[in-house]
>>> print(open('coords05.txt').read())   # compact mmCIF, C-alpha atoms and all ligand atoms
# COMPACT_ATOMS: atom_id res chain seq x y z
CA MET A 1443 -9.18 -4.10 16.48
CA LYS A 1444 -5.54 -5.05 17.09
CA ALA A 1445 -3.72 -8.25 16.14
CA VAL A 1446 -3.03 -10.23 19.30
CA GLN A 1447 0.63 -11.01 19.86
CA PRO A 1448 0.73 -13.79 22.43
CA GLY A 1449 3.90 -13.75 24.45
CA ARG A 1450 5.30 -10.61 22.85
CA ARG A 1451 5.82 -7.10 24.22
CA PRO A 1452 4.16 -4.43 22.02
CA GLY A 1453 6.92 -2.47 20.30
CA ALA A 1454 9.54 -5.16 20.92
CA GLU A 1455 12.17 -5.40 18.18
CA LEU A 1456 11.76 -8.44 15.95
CA HIS A 1457 14.30 -10.13 13.75
CA ALA A 1458 13.76 -11.44 10.23
CA THR A 1459 15.95 -12.53 7.34
CA LEU A 1460 15.74 -11.25 3.77
CA LEU A 1461 14.79 -14.18 1.55
CA ASN A 1462 14.61 -12.64 -1.92
CA ARG A 1463 13.95 -9.51 -3.98
CA HIS A 1464 11.97 -9.10 -7.18
CA TRP A 1465 12.05 -5.81 -9.11
CA LEU A 1466 8.61 -4.59 -10.21
CA SER A 1467 9.81 -1.53 -12.17
CA SER A 1468 13.00 0.55 -12.43
CA THR A 1469 12.38 2.01 -8.94
CA ALA A 1470 10.11 -0.37 -7.03
CA PHE A 1471 10.70 -3.88 -5.77
CA GLU A 1472 9.11 -6.57 -3.66
CA ILE A 1473 11.00 -8.31 -0.87
CA GLU A 1474 10.16 -11.46 1.02
CA LEU A 1475 11.21 -11.83 4.67
CA THR A 1476 11.05 -14.69 7.11
CA LYS A 1477 8.11 -14.36 9.49
CA PRO A 1478 9.13 -14.27 13.16
CA ARG A 1479 7.50 -16.87 15.38
CA LEU A 1480 4.24 -15.60 16.95
CA PHE A 1481 4.10 -12.59 14.59
CA ASP A 1482 0.54 -11.88 13.47
CA PHE A 1483 -1.13 -8.89 11.84
CA ILE A 1484 -4.34 -7.64 10.27
CA PRO A 1485 -4.27 -6.93 6.50
CA GLY A 1486 -3.51 -3.25 5.98
CA GLN A 1487 -1.09 -3.01 8.90
CA ARG A 1488 2.59 -2.09 8.58
CA ILE A 1489 5.95 -2.75 10.17
CA ALA A 1490 8.69 -0.25 11.06
CA VAL A 1491 12.08 -1.36 9.72
CA SER A 1492 15.26 -0.03 11.38
CA HIS A 1493 18.56 0.66 9.70
CA ARG A 1494 21.45 2.76 11.00
CA GLY A 1495 19.32 4.19 13.79
CA LYS A 1496 16.48 5.28 11.45
CA GLU A 1497 13.05 3.69 11.39
CA ARG A 1498 10.70 3.64 8.35
CA ASP A 1499 7.21 2.24 7.93
CA TYR A 1500 6.34 -0.35 5.27
CA SER A 1501 2.89 -1.85 4.70
CA LEU A 1502 2.72 -5.62 4.51
CA ILE A 1503 1.58 -7.04 1.15
CA SER A 1504 1.34 -10.64 2.30
CA ALA A 1505 -1.70 -12.26 3.90
CA PRO A 1506 -1.54 -13.20 7.60
CA ALA A 1507 -1.80 -16.88 6.65
CA ASP A 1508 1.30 -16.75 4.43
CA LYS A 1509 4.48 -18.39 5.72
CA SER A 1510 6.62 -15.32 4.98
CA LEU A 1511 6.19 -11.52 5.05
CA GLY A 1512 6.18 -9.37 1.90
CA LEU A 1513 6.86 -5.67 1.34
CA CYS A 1514 6.53 -3.51 -1.79
CA VAL A 1515 9.06 -0.69 -1.62
CA LYS A 1516 9.97 2.29 -3.77
CA ARG A 1517 13.67 3.07 -3.78
CA VAL A 1518 14.14 6.71 -2.73
CA GLU A 1519 17.50 8.07 -3.96
CA GLU A 1520 19.37 9.73 -1.06
CA GLY A 1521 17.20 7.73 1.35
CA VAL A 1522 18.42 5.65 4.29
CA VAL A 1523 16.21 2.60 4.61
CA SER A 1524 14.78 2.05 1.10
CA PRO A 1525 18.24 1.91 -0.61
CA PHE A 1526 19.35 -0.55 2.08
CA LEU A 1527 16.30 -2.75 1.33
CA ALA A 1528 17.01 -2.37 -2.41
CA GLU A 1529 20.60 -3.59 -2.09
CA ALA A 1530 20.75 -5.99 0.87
CA GLU A 1531 21.63 -9.54 -0.11
CA ALA A 1532 19.55 -12.61 0.62
CA GLY A 1533 20.38 -13.76 4.14
CA THR A 1534 20.77 -10.20 5.51
CA PRO A 1535 19.18 -9.79 8.98
CA LEU A 1536 16.43 -7.16 9.28
CA TYR A 1537 15.08 -5.61 12.46
CA PHE A 1538 11.60 -4.21 12.83
CA THR A 1539 8.72 -3.49 15.20
CA GLY A 1540 5.05 -4.05 14.60
CA PRO A 1541 2.46 -4.64 13.50
CA HIS A 1542 1.37 -1.01 13.60
CA GLY A 1543 -1.64 0.96 12.43
CA TYR A 1544 -5.39 0.82 12.02
CA PHE A 1545 -5.71 1.04 8.23
CA THR A 1546 -7.66 -2.19 8.10
CA PHE A 1547 -10.78 -3.17 6.18
CA LYS A 1548 -14.07 -2.43 7.95
CA PRO A 1549 -17.01 -4.12 6.17
CA SER A 1550 -20.11 -1.92 5.92
CA GLN A 1551 -23.26 -1.36 3.85
CA ARG A 1552 -21.40 1.16 1.69
CA HIS A 1553 -19.34 0.04 -1.32
CA PRO A 1554 -15.55 0.09 -0.62
CA VAL A 1555 -13.42 2.23 -2.92
CA PHE A 1556 -9.65 1.78 -2.58
CA VAL A 1557 -7.48 4.60 -3.95
CA ALA A 1558 -3.69 4.25 -4.13
CA THR A 1559 -0.73 6.05 -5.65
CA GLY A 1560 2.45 4.10 -6.47
CA THR A 1561 3.49 1.70 -3.72
CA GLY A 1562 0.42 2.88 -1.78
CA ILE A 1563 -1.10 -0.20 -3.39
CA ALA A 1564 0.64 -2.34 -0.71
CA PRO A 1565 -2.06 -2.51 2.02
CA PHE A 1566 -4.75 -3.27 -0.59
CA LEU A 1567 -2.76 -6.26 -1.85
CA SER A 1568 -2.73 -7.73 1.64
CA MET A 1569 -6.47 -7.13 1.99
CA ALA A 1570 -7.22 -8.74 -1.40
CA ARG A 1571 -4.93 -11.69 -0.66
CA SER A 1572 -6.80 -12.16 2.61
CA GLY A 1573 -10.17 -12.48 0.90
CA VAL A 1574 -11.57 -8.93 0.69
CA LYS A 1575 -13.61 -8.90 -2.53
CA GLY A 1576 -15.86 -6.69 -4.64
CA PHE A 1577 -14.01 -3.42 -4.03
CA THR A 1578 -13.40 -0.73 -6.61
CA LEU A 1579 -9.68 0.05 -6.93
CA LEU A 1580 -8.13 3.16 -8.49
CA HIS A 1581 -4.34 2.99 -8.85
CA GLY A 1582 -2.65 6.26 -9.79
CA VAL A 1583 0.81 6.14 -11.39
CA ARG A 1584 2.89 8.14 -13.83
CA ASP A 1585 3.81 5.34 -16.22
CA PRO A 1586 2.00 2.05 -17.00
CA SER A 1587 5.15 0.17 -15.86
CA GLU A 1588 4.25 1.27 -12.31
CA LEU A 1589 0.91 -0.55 -12.31
CA TYR A 1590 2.32 -3.16 -9.95
CA TYR A 1591 0.32 -6.39 -9.63
CA GLU A 1592 -2.12 -5.29 -12.36
CA PRO A 1593 -3.27 -8.75 -13.54
CA TYR A 1594 -3.89 -9.97 -10.00
CA LEU A 1595 -5.67 -6.79 -8.90
CA ARG A 1596 -7.80 -6.72 -12.06
CA SER A 1597 -9.15 -10.16 -11.20
CA ALA A 1598 -9.34 -9.71 -7.40
CA SER A 1599 -11.24 -6.41 -7.48
CA GLY A 1600 -14.83 -5.81 -8.54
CA ARG A 1601 -13.66 -2.89 -10.67
CA TYR A 1602 -10.08 -1.83 -11.43
CA ILE A 1603 -9.33 1.66 -12.78
CA PRO A 1604 -5.62 2.17 -13.60
CA CYS A 1605 -4.95 5.93 -13.82
CA VAL A 1606 -1.84 6.94 -15.76
CA THR A 1607 -0.70 10.56 -15.97
CA GLN A 1608 2.30 10.52 -18.31
CA ARG A 1609 0.88 8.43 -21.09
CA GLY A 1610 -2.63 7.55 -21.93
CA GLY A 1611 -4.93 6.40 -24.63
CA GLU A 1612 -3.92 2.76 -24.13
CA LYS A 1613 -6.82 0.39 -23.89
CA ASP A 1614 -8.22 0.07 -20.34
CA LEU A 1615 -6.07 2.90 -18.91
CA PHE A 1616 -7.64 6.08 -17.59
CA PRO A 1617 -5.51 9.00 -18.86
CA GLY A 1618 -5.26 11.24 -15.80
CA ARG A 1619 -5.20 11.45 -12.02
CA VAL A 1620 -7.27 9.38 -9.64
CA THR A 1621 -9.26 12.52 -8.73
CA GLN A 1622 -10.36 12.94 -12.37
CA ALA A 1623 -11.31 9.27 -12.55
CA LEU A 1624 -13.40 9.59 -9.38
CA GLU A 1625 -15.20 12.59 -10.89
CA GLU A 1626 -15.81 10.98 -14.26
CA ARG A 1627 -16.28 7.30 -13.50
CA MET A 1628 -18.04 7.01 -10.13
CA LEU A 1629 -21.77 7.29 -9.45
CA ARG A 1630 -22.54 10.06 -6.96
CA LYS A 1631 -23.42 8.20 -3.77
CA PRO A 1632 -21.83 7.49 -0.36
CA TYR A 1633 -18.88 5.04 -0.27
CA ASP A 1634 -16.25 3.85 2.17
CA PHE A 1635 -13.04 5.35 0.77
CA TYR A 1636 -9.63 3.91 1.69
CA LEU A 1637 -6.80 6.22 0.58
CA SER A 1638 -3.15 5.12 0.60
CA GLY A 1639 0.00 6.77 -0.72
CA ARG A 1640 1.05 10.36 -1.41
CA ARG A 1641 -0.16 13.06 0.96
CA GLU A 1642 -1.18 15.34 -1.94
CA MET A 1643 -3.44 12.67 -3.44
CA ILE A 1644 -5.05 12.09 -0.04
CA ARG A 1645 -5.70 15.81 0.46
CA ASP A 1646 -7.21 16.21 -3.04
CA VAL A 1647 -9.44 13.15 -2.72
CA VAL A 1648 -10.70 14.22 0.72
CA PHE A 1649 -11.80 17.58 -0.75
CA LEU A 1650 -13.45 15.79 -3.68
CA VAL A 1651 -15.32 13.37 -1.42
CA ASP A 1652 -16.74 16.29 0.56
CA ASP A 1653 -18.02 17.85 -2.67
CA LEU A 1654 -19.19 14.86 -4.69
CA PHE A 1655 -19.79 11.92 -2.36
CA PRO A 1656 -21.39 13.32 0.83
CA GLY A 1657 -22.17 10.75 3.51
CA SER A 1658 -19.01 8.75 2.69
CA LEU A 1659 -16.45 7.57 5.24
CA VAL A 1660 -12.74 8.08 4.53
CA TYR A 1661 -9.86 6.01 5.97
CA LEU A 1662 -6.31 7.27 5.35
CA GLU A 1663 -2.74 5.90 5.20
CA SER A 1664 -0.32 8.66 4.19
CA PHE A 1665 3.14 7.47 3.08
CA THR A 1666 4.76 10.93 2.92
C1 LIG B 1 2.18 4.61 7.25
C2 LIG B 1 3.28 4.51 6.21
C3 LIG B 1 3.36 3.39 5.39
C4 LIG B 1 4.34 3.31 4.40
N1 LIG B 1 4.39 2.22 3.59
C5 LIG B 1 5.28 2.18 2.58
C6 LIG B 1 5.31 1.07 1.67
O1 LIG B 1 4.55 0.09 1.79
N2 LIG B 1 6.20 1.11 0.65
C7 LIG B 1 7.07 2.17 0.48
O2 LIG B 1 7.87 2.16 -0.47
N3 LIG B 1 7.08 3.22 1.34
C8 LIG B 1 6.22 3.23 2.39
N4 LIG B 1 6.24 4.29 3.25
C9 LIG B 1 7.32 5.31 3.13
C10 LIG B 1 8.56 4.81 3.91
O3 LIG B 1 8.25 4.74 5.29
C11 LIG B 1 9.77 5.75 3.77
O4 LIG B 1 9.37 7.06 4.06
C12 LIG B 1 10.43 5.70 2.40
O5 LIG B 1 10.83 4.37 2.07
C13 LIG B 1 11.68 6.62 2.38
O6 LIG B 1 12.56 6.19 3.39
P1 LIG B 1 14.16 6.34 3.19
O7 LIG B 1 14.80 6.09 4.52
O8 LIG B 1 14.64 5.54 2.05
O9 LIG B 1 14.31 7.87 2.75
P2 LIG B 1 14.43 9.14 3.76
O10 LIG B 1 15.77 9.15 4.35
O11 LIG B 1 13.25 9.15 4.66
O12 LIG B 1 14.25 10.33 2.73
C14 LIG B 1 15.33 10.82 1.89
C15 LIG B 1 14.84 12.02 1.11
O13 LIG B 1 13.85 11.61 0.14
C16 LIG B 1 12.60 12.28 0.40
N5 LIG B 1 11.54 11.25 0.22
C17 LIG B 1 11.04 10.41 1.18
N6 LIG B 1 10.10 9.60 0.64
C18 LIG B 1 10.01 9.93 -0.66
C19 LIG B 1 9.22 9.45 -1.73
N7 LIG B 1 8.32 8.46 -1.56
N8 LIG B 1 9.41 10.00 -2.95
C20 LIG B 1 10.31 10.98 -3.14
N9 LIG B 1 11.10 11.50 -2.16
C21 LIG B 1 10.94 10.99 -0.94
C22 LIG B 1 12.69 12.79 1.82
O14 LIG B 1 11.90 13.97 1.99
C23 LIG B 1 14.17 13.07 1.99
O15 LIG B 1 14.49 14.33 1.45
C24 LIG B 1 5.26 4.38 4.25
C25 LIG B 1 5.20 5.47 5.11
C26 LIG B 1 4.23 5.54 6.08
C27 LIG B 1 4.20 6.77 6.98
>>> encode(input="coords05.txt", output="C-alpha cells")
Amino acid sequence: MKAVQPGRRPGAELHATLLNRHWLSSTAFEIELTKPRLFDFIPGQRIAVSHRGKERDYSLISAPADKSLGLCVKRVEEGVVSPFLAEAEAGTPLYFTGPHGYFTFKPSQRHPVFVATGTGIAPFLSMARSGVKGFTLLHGVRDPSELYYEPYLRSASGRYIPCVTQRGGEKDLFPGRVTQALEERMLRKPYDFYLSGRREMIRDVVFLVDDLFPGSLVYLESFT
C-alpha cells in the first residue's frame, strides 16, 4: 500500500520550514516541520532530508492527521545531516523527498511485537499516534534517559518492556538487551515482529525468532 500523493510527482523535492526543536536526551531531539500542501503518508514511512548534497532518511513520528510533521533524530558527531538538524534555527528551510518505505502496520491474527533500539522508536510512535493499539513494545537503550516517550508508549501499548543495558535494577526496567527480554519474557508462539533501529539488533532478533518463535513474520527497518 502506498500513500496517494494527488498532484505530486513521486520523488519530487518538497520544501518545509523548521518550526521548533525539543531535546529528549543529551544526543537525541525531536523537531517539528511544516507539512507541505498535499503531503500524505502512512504511519511507519520516512522522508529523505537533503543537506549539502547528502540525503538521509528519517522516520516520521507524527500521525498523518497532524497539522505538522515530526522527526526524532539522534545527533551523530562528524555527521552531515543530523548535526544540521540539531543546530538549524526555527524558520530554516528544509528540503526532502517522500514519503518512502513499506514499514507500515499490517493487521493480522498474530500478536504484533514492536522492537526498537534508540531512535528506532520513531515509526512506532507514528503508528501508536495513528490508533494502532494492543502491541507489545520492547525499547532497547543504554541509559534510562534514552527511553524517549516512555509515559506515552507505556499507556499506548498493550505491554511495554524498556530494556536498559548500562544500568538496571530500577523498577519496571529490564536489565539487558531486547534479545534477552524476548527470550525471558515472551511466550513461545508465532508473532508479527516489527524491528526498527540498529542493524546488529535486527540481525540478532531475526536469528532468535527463527529459533524461538517459528511461524512468525518479521518486518524490518534498519537505520544503519
Ligand atoms: C530507513 C531509515 C530510517 C531512519 N530513520 C531515522 C530516524 O528516524 N532517526 C534517526 O536519528 N536516524 C534515522 N536514520 C539514520 C539517518 O538516516 C542517518 O544515517 C543518521 O542521522 C546519520 O546521518 P548523518 O548525515 O548525520 O551522519 P553520516 O554523515 O551519515 O555519518 C557520519 C559518521 O557517523 C557514522 N554513523 C552514522 N549513523 C550513526 C549512528 N546512528 N550512530 C553512530 N555512528 C553513526 C557513519 O558511519 C559515519 O562514519 C534512518 C536510516 C534509515 C536507513
>>> closest_residue(input="coords05.txt", among="A:Asp1482, A:Asp1652, A:Asp1614, A:Asp1499", to="ligand LIG 1 (chain B)", atoms="all atoms listed in the file")
A:Asp1499
>>> residues_near_ligand(input="coords05.txt", ligand="ligand LIG 1 (chain B)", cutoff="9 Å", atoms="only C-alpha atoms and all ligand atoms", output="CSV table (one decimal) with C-alpha atoms, in the coordinates of the input")
chain,number,residue,atom,x,y,z
A,1470,ALA,CA,10.1,-0.4,-7.0
A,1471,PHE,CA,10.7,-3.9,-5.8
A,1487,GLN,CA,-1.1,-3.0,8.9
A,1488,ARG,CA,2.6,-2.1,8.6
A,1489,ILE,CA,6.0,-2.8,10.2
A,1490,ALA,CA,8.7,-0.2,11.1
A,1491,VAL,CA,12.1,-1.4,9.7
A,1493,HIS,CA,18.6,0.7,9.7
A,1496,LYS,CA,16.5,5.3,11.4
A,1497,GLU,CA,13.0,3.7,11.4
A,1498,ARG,CA,10.7,3.6,8.4
A,1499,ASP,CA,7.2,2.2,7.9
A,1500,TYR,CA,6.3,-0.4,5.3
A,1501,SER,CA,2.9,-1.8,4.7
A,1502,LEU,CA,2.7,-5.6,4.5
A,1503,ILE,CA,1.6,-7.0,1.2
A,1513,LEU,CA,6.9,-5.7,1.3
A,1514,CYS,CA,6.5,-3.5,-1.8
A,1515,VAL,CA,9.1,-0.7,-1.6
A,1516,LYS,CA,10.0,2.3,-3.8
A,1517,ARG,CA,13.7,3.1,-3.8
A,1518,VAL,CA,14.1,6.7,-2.7
A,1519,GLU,CA,17.5,8.1,-4.0
A,1520,GLU,CA,19.4,9.7,-1.1
A,1521,GLY,CA,17.2,7.7,1.4
A,1522,VAL,CA,18.4,5.6,4.3
A,1523,VAL,CA,16.2,2.6,4.6
A,1524,SER,CA,14.8,2.0,1.1
A,1525,PRO,CA,18.2,1.9,-0.6
A,1526,PHE,CA,19.4,-0.6,2.1
A,1527,LEU,CA,16.3,-2.8,1.3
A,1542,HIS,CA,1.4,-1.0,13.6
A,1543,GLY,CA,-1.6,1.0,12.4
A,1545,PHE,CA,-5.7,1.0,8.2
A,1560,GLY,CA,2.4,4.1,-6.5
A,1561,THR,CA,3.5,1.7,-3.7
A,1562,GLY,CA,0.4,2.9,-1.8
A,1563,ILE,CA,-1.1,-0.2,-3.4
A,1564,ALA,CA,0.6,-2.3,-0.7
A,1565,PRO,CA,-2.1,-2.5,2.0
A,1638,SER,CA,-3.2,5.1,0.6
A,1639,GLY,CA,0.0,6.8,-0.7
A,1640,ARG,CA,1.0,10.4,-1.4
A,1663,GLU,CA,-2.7,5.9,5.2
A,1664,SER,CA,-0.3,8.7,4.2
A,1665,PHE,CA,3.1,7.5,3.1
A,1666,THR,CA,4.8,10.9,2.9
>>> residues_around(input="coords05.txt", residues="Asp1585 in chain A", least_positions_apart="3", cutoff="8 Å", atoms="all atoms listed in the file", output="list in words")
Glu1588, Leu1589, Val1606, Thr1607, Gln1608 and Arg1609 of chain A
>>> write_last_selection(input="coords05.txt", atoms="C-alpha atoms", output="CSV table (one decimal), in the frame of the given file")
chain,number,residue,atom,x,y,z
A,1588,GLU,CA,4.2,1.3,-12.3
A,1589,LEU,CA,0.9,-0.6,-12.3
A,1606,VAL,CA,-1.8,6.9,-15.8
A,1607,THR,CA,-0.7,10.6,-16.0
A,1608,GLN,CA,2.3,10.5,-18.3
A,1609,ARG,CA,0.9,8.4,-21.1
>>> closest_residue(input="coords05.txt", among="A:Val1583, A:Leu1662, A:Ser1492, A:Glu1592", to="Pro1617 in chain A", atoms="only C-alpha atoms")
A:Val1583
>>> residues_around(input="coords05.txt", residues="range 1646-1649 of chain A", least_positions_apart="6", cutoff="9 Å", atoms="all atoms listed in the file", output="list of chain:residue names")
A:Val1557, A:Val1620, A:Thr1621, A:Leu1624, A:Leu1637, A:Val1660
>>> residues_around(input="coords05.txt", residues="range 1600-1603 of chain A", least_positions_apart="5", cutoff="10 Å", atoms="only C-alpha atoms", output="list in words")
Pro1554, Val1555, Phe1556, Val1557, Lys1575, Gly1576, Phe1577, Thr1578, Leu1579, Leu1580, His1581, Gly1582, Glu1592, Pro1593, Leu1595, Asp1614, Leu1615, Phe1616, Val1620, Ala1623, Leu1624 and Arg1627 of chain A
>>> atom_distance(input="coords05.txt", atom1="CA of Phe1566 in chain A", atom2="CA of Arg1552 in chain A")
17.4 Å
>>> axis_aligned_box(input="coords05.txt", around="range 1609-1622 of chain A", padding_each_side="4 Å", output="lines of an AutoDock Vina configuration file")
center_x = -4.7
center_y = 6.5
center_z = -16.7
size_x = 19.2
size_y = 20.9
size_z = 23.9
>>> atom_distance(input="coords05.txt", atom1="CA of Thr1469 in chain A", atom2="CA of Thr1559 in chain A")
14.1 Å
>>> atom_distance(input="coords05.txt", atom1="CA of Leu1456 in chain A", atom2="CA of Pro1485 in chain A")
18.7 Å
>>> residues_near_point(input="coords05.txt", point="(-13.3, -5.8, 6.9)", cutoff="12 Å", atoms="all atoms listed in the file", output="CSV table (one decimal) with C-alpha atoms, keeping the file's coordinate frame")
chain,number,residue,atom,x,y,z
A,1443,MET,CA,-9.2,-4.1,16.5
A,1484,ILE,CA,-4.3,-7.6,10.3
A,1485,PRO,CA,-4.3,-6.9,6.5
A,1486,GLY,CA,-3.5,-3.2,6.0
A,1544,TYR,CA,-5.4,0.8,12.0
A,1545,PHE,CA,-5.7,1.0,8.2
A,1546,THR,CA,-7.7,-2.2,8.1
A,1547,PHE,CA,-10.8,-3.2,6.2
A,1548,LYS,CA,-14.1,-2.4,8.0
A,1549,PRO,CA,-17.0,-4.1,6.2
A,1550,SER,CA,-20.1,-1.9,5.9
A,1551,GLN,CA,-23.3,-1.4,3.8
A,1552,ARG,CA,-21.4,1.2,1.7
A,1553,HIS,CA,-19.3,0.0,-1.3
A,1554,PRO,CA,-15.6,0.1,-0.6
A,1566,PHE,CA,-4.8,-3.3,-0.6
A,1568,SER,CA,-2.7,-7.7,1.6
A,1569,MET,CA,-6.5,-7.1,2.0
A,1570,ALA,CA,-7.2,-8.7,-1.4
A,1572,SER,CA,-6.8,-12.2,2.6
A,1573,GLY,CA,-10.2,-12.5,0.9
A,1574,VAL,CA,-11.6,-8.9,0.7
A,1575,LYS,CA,-13.6,-8.9,-2.5
A,1576,GLY,CA,-15.9,-6.7,-4.6
A,1577,PHE,CA,-14.0,-3.4,-4.0
A,1634,ASP,CA,-16.2,3.8,2.2
A,1636,TYR,CA,-9.6,3.9,1.7
>>> closest_residue(input="coords05.txt", among="A:Tyr1590, A:Pro1478, A:Glu1626, A:Lys1509", to="His1464 in chain A", atoms="all atoms listed in the file")
A:Tyr1590
>>> closest_residue(input="coords05.txt", among="A:Pro1506, A:Gly1618, A:Gly1540, A:Pro1604", to="Ser1587 in chain A", atoms="only C-alpha atoms")
A:Pro1604
>>> closest_residue(input="coords05.txt", among="A:Pro1586, A:Glu1474, A:Ala1558, A:Asp1508", to="Met1643 in chain A", atoms="all atoms listed in the file")
A:Ala1558
>>> closest_residue(input="coords05.txt", among="A:Thr1534, A:Thr1539, A:Thr1459, A:Ser1468", to="Phe1483 in chain A", atoms="all atoms listed in the file")
A:Thr1539
>>> build_atoms(input="coords05.txt", residues="range 1581-1600 of chain A", atoms="N, CA, C and O atoms", output="PDB file, keeping the file's coordinate frame")
ATOM      1  N   HIS A1581      -5.787   2.954  -9.103  1.00  0.00           N
ATOM      2  CA  HIS A1581      -4.340   2.990  -8.850  1.00  0.00           C
ATOM      3  C   HIS A1581      -3.733   4.093  -9.720  1.00  0.00           C
ATOM      4  O   HIS A1581      -3.753   3.994 -10.948  1.00  0.00           O
ATOM      5  N   GLY A1582      -3.225   5.133  -9.061  1.00  0.00           N
ATOM      6  CA  GLY A1582      -2.650   6.260  -9.790  1.00  0.00           C
ATOM      7  C   GLY A1582      -1.141   6.147  -9.905  1.00  0.00           C
ATOM      8  O   GLY A1582      -0.451   5.986  -8.891  1.00  0.00           O
ATOM      9  N   VAL A1583      -0.637   6.215 -11.143  1.00  0.00           N
ATOM     10  CA  VAL A1583       0.810   6.140 -11.390  1.00  0.00           C
ATOM     11  C   VAL A1583       1.160   7.086 -12.530  1.00  0.00           C
ATOM     12  O   VAL A1583       0.284   7.583 -13.235  1.00  0.00           O
ATOM     13  N   ARG A1584       2.480   7.302 -12.702  1.00  0.00           N
ATOM     14  CA  ARG A1584       2.890   8.140 -13.830  1.00  0.00           C
ATOM     15  C   ARG A1584       2.940   7.318 -15.108  1.00  0.00           C
ATOM     16  O   ARG A1584       2.445   7.737 -16.140  1.00  0.00           O
ATOM     17  N   ASP A1585       3.550   6.145 -15.032  1.00  0.00           N
ATOM     18  CA  ASP A1585       3.810   5.340 -16.220  1.00  0.00           C
ATOM     19  C   ASP A1585       3.154   3.972 -16.049  1.00  0.00           C
ATOM     20  O   ASP A1585       3.105   3.449 -14.933  1.00  0.00           O
ATOM     21  N   PRO A1586       2.649   3.368 -17.134  1.00  0.00           N
ATOM     22  CA  PRO A1586       2.000   2.050 -17.000  1.00  0.00           C
ATOM     23  C   PRO A1586       2.904   0.992 -16.358  1.00  0.00           C
ATOM     24  O   PRO A1586       2.400   0.044 -15.742  1.00  0.00           O
ATOM     25  N   SER A1587       4.250   1.160 -16.467  1.00  0.00           N
ATOM     26  CA  SER A1587       5.150   0.170 -15.860  1.00  0.00           C
ATOM     27  C   SER A1587       5.041   0.156 -14.334  1.00  0.00           C
ATOM     28  O   SER A1587       5.530  -0.758 -13.674  1.00  0.00           O
ATOM     29  N   GLU A1588       4.393   1.190 -13.777  1.00  0.00           N
ATOM     30  CA  GLU A1588       4.250   1.270 -12.310  1.00  0.00           C
ATOM     31  C   GLU A1588       2.925   0.687 -11.812  1.00  0.00           C
ATOM     32  O   GLU A1588       2.610   0.802 -10.634  1.00  0.00           O
ATOM     33  N   LEU A1589       2.174   0.088 -12.723  1.00  0.00           N
ATOM     34  CA  LEU A1589       0.910  -0.550 -12.310  1.00  0.00           C
ATOM     35  C   LEU A1589       1.215  -1.934 -11.739  1.00  0.00           C
ATOM     36  O   LEU A1589       0.879  -2.974 -12.315  1.00  0.00           O
ATOM     37  N   TYR A1590       1.876  -1.919 -10.567  1.00  0.00           N
ATOM     38  CA  TYR A1590       2.320  -3.160  -9.950  1.00  0.00           C
ATOM     39  C   TYR A1590       1.124  -4.070  -9.690  1.00  0.00           C
ATOM     40  O   TYR A1590       0.091  -3.610  -9.249  1.00  0.00           O
ATOM     41  N   TYR A1591       1.324  -5.354  -9.939  1.00  0.00           N
ATOM     42  CA  TYR A1591       0.320  -6.390  -9.630  1.00  0.00           C
ATOM     43  C   TYR A1591      -0.967  -6.240 -10.437  1.00  0.00           C
ATOM     44  O   TYR A1591      -2.024  -6.719 -10.022  1.00  0.00           O
ATOM     45  N   GLU A1592      -0.903  -5.566 -11.588  1.00  0.00           N
ATOM     46  CA  GLU A1592      -2.120  -5.290 -12.360  1.00  0.00           C
ATOM     47  C   GLU A1592      -2.975  -6.521 -12.640  1.00  0.00           C
ATOM     48  O   GLU A1592      -4.176  -6.512 -12.349  1.00  0.00           O
ATOM     49  N   PRO A1593      -2.389  -7.612 -13.196  1.00  0.00           N
ATOM     50  CA  PRO A1593      -3.270  -8.750 -13.540  1.00  0.00           C
ATOM     51  C   PRO A1593      -3.990  -9.300 -12.313  1.00  0.00           C
ATOM     52  O   PRO A1593      -5.189  -9.588 -12.366  1.00  0.00           O
ATOM     53  N   TYR A1594      -3.258  -9.427 -11.203  1.00  0.00           N
ATOM     54  CA  TYR A1594      -3.890  -9.970 -10.000  1.00  0.00           C
ATOM     55  C   TYR A1594      -4.988  -9.028  -9.509  1.00  0.00           C
ATOM     56  O   TYR A1594      -6.110  -9.464  -9.185  1.00  0.00           O
ATOM     57  N   LEU A1595      -4.699  -7.733  -9.445  1.00  0.00           N
ATOM     58  CA  LEU A1595      -5.670  -6.790  -8.900  1.00  0.00           C
ATOM     59  C   LEU A1595      -6.890  -6.638  -9.809  1.00  0.00           C
ATOM     60  O   LEU A1595      -8.006  -6.416  -9.349  1.00  0.00           O
ATOM     61  N   ARG A1596      -6.663  -6.764 -11.127  1.00  0.00           N
ATOM     62  CA  ARG A1596      -7.800  -6.720 -12.060  1.00  0.00           C
ATOM     63  C   ARG A1596      -8.786  -7.845 -11.740  1.00  0.00           C
ATOM     64  O   ARG A1596      -9.987  -7.659 -11.752  1.00  0.00           O
ATOM     65  N   SER A1597      -8.248  -9.031 -11.447  1.00  0.00           N
ATOM     66  CA  SER A1597      -9.150 -10.160 -11.200  1.00  0.00           C
ATOM     67  C   SER A1597      -9.679 -10.176  -9.762  1.00  0.00           C
ATOM     68  O   SER A1597     -10.800 -10.603  -9.520  1.00  0.00           O
ATOM     69  N   ALA A1598      -8.901  -9.649  -8.806  1.00  0.00           N
ATOM     70  CA  ALA A1598      -9.340  -9.710  -7.400  1.00  0.00           C
ATOM     71  C   ALA A1598     -10.364  -8.629  -7.056  1.00  0.00           C
ATOM     72  O   ALA A1598     -11.149  -8.795  -6.130  1.00  0.00           O
ATOM     73  N   SER A1599     -10.336  -7.513  -7.820  1.00  0.00           N
ATOM     74  CA  SER A1599     -11.240  -6.410  -7.480  1.00  0.00           C
ATOM     75  C   SER A1599     -12.560  -6.577  -8.233  1.00  0.00           C
ATOM     76  O   SER A1599     -12.636  -7.314  -9.218  1.00  0.00           O
ATOM     77  N   GLY A1600     -13.591  -5.846  -7.777  1.00  0.00           N
ATOM     78  CA  GLY A1600     -14.830  -5.810  -8.540  1.00  0.00           C
ATOM     79  C   GLY A1600     -14.676  -4.923  -9.756  1.00  0.00           C
ATOM     80  O   GLY A1600     -15.224  -5.177 -10.824  1.00  0.00           O
TER      81      GLY A1600
END
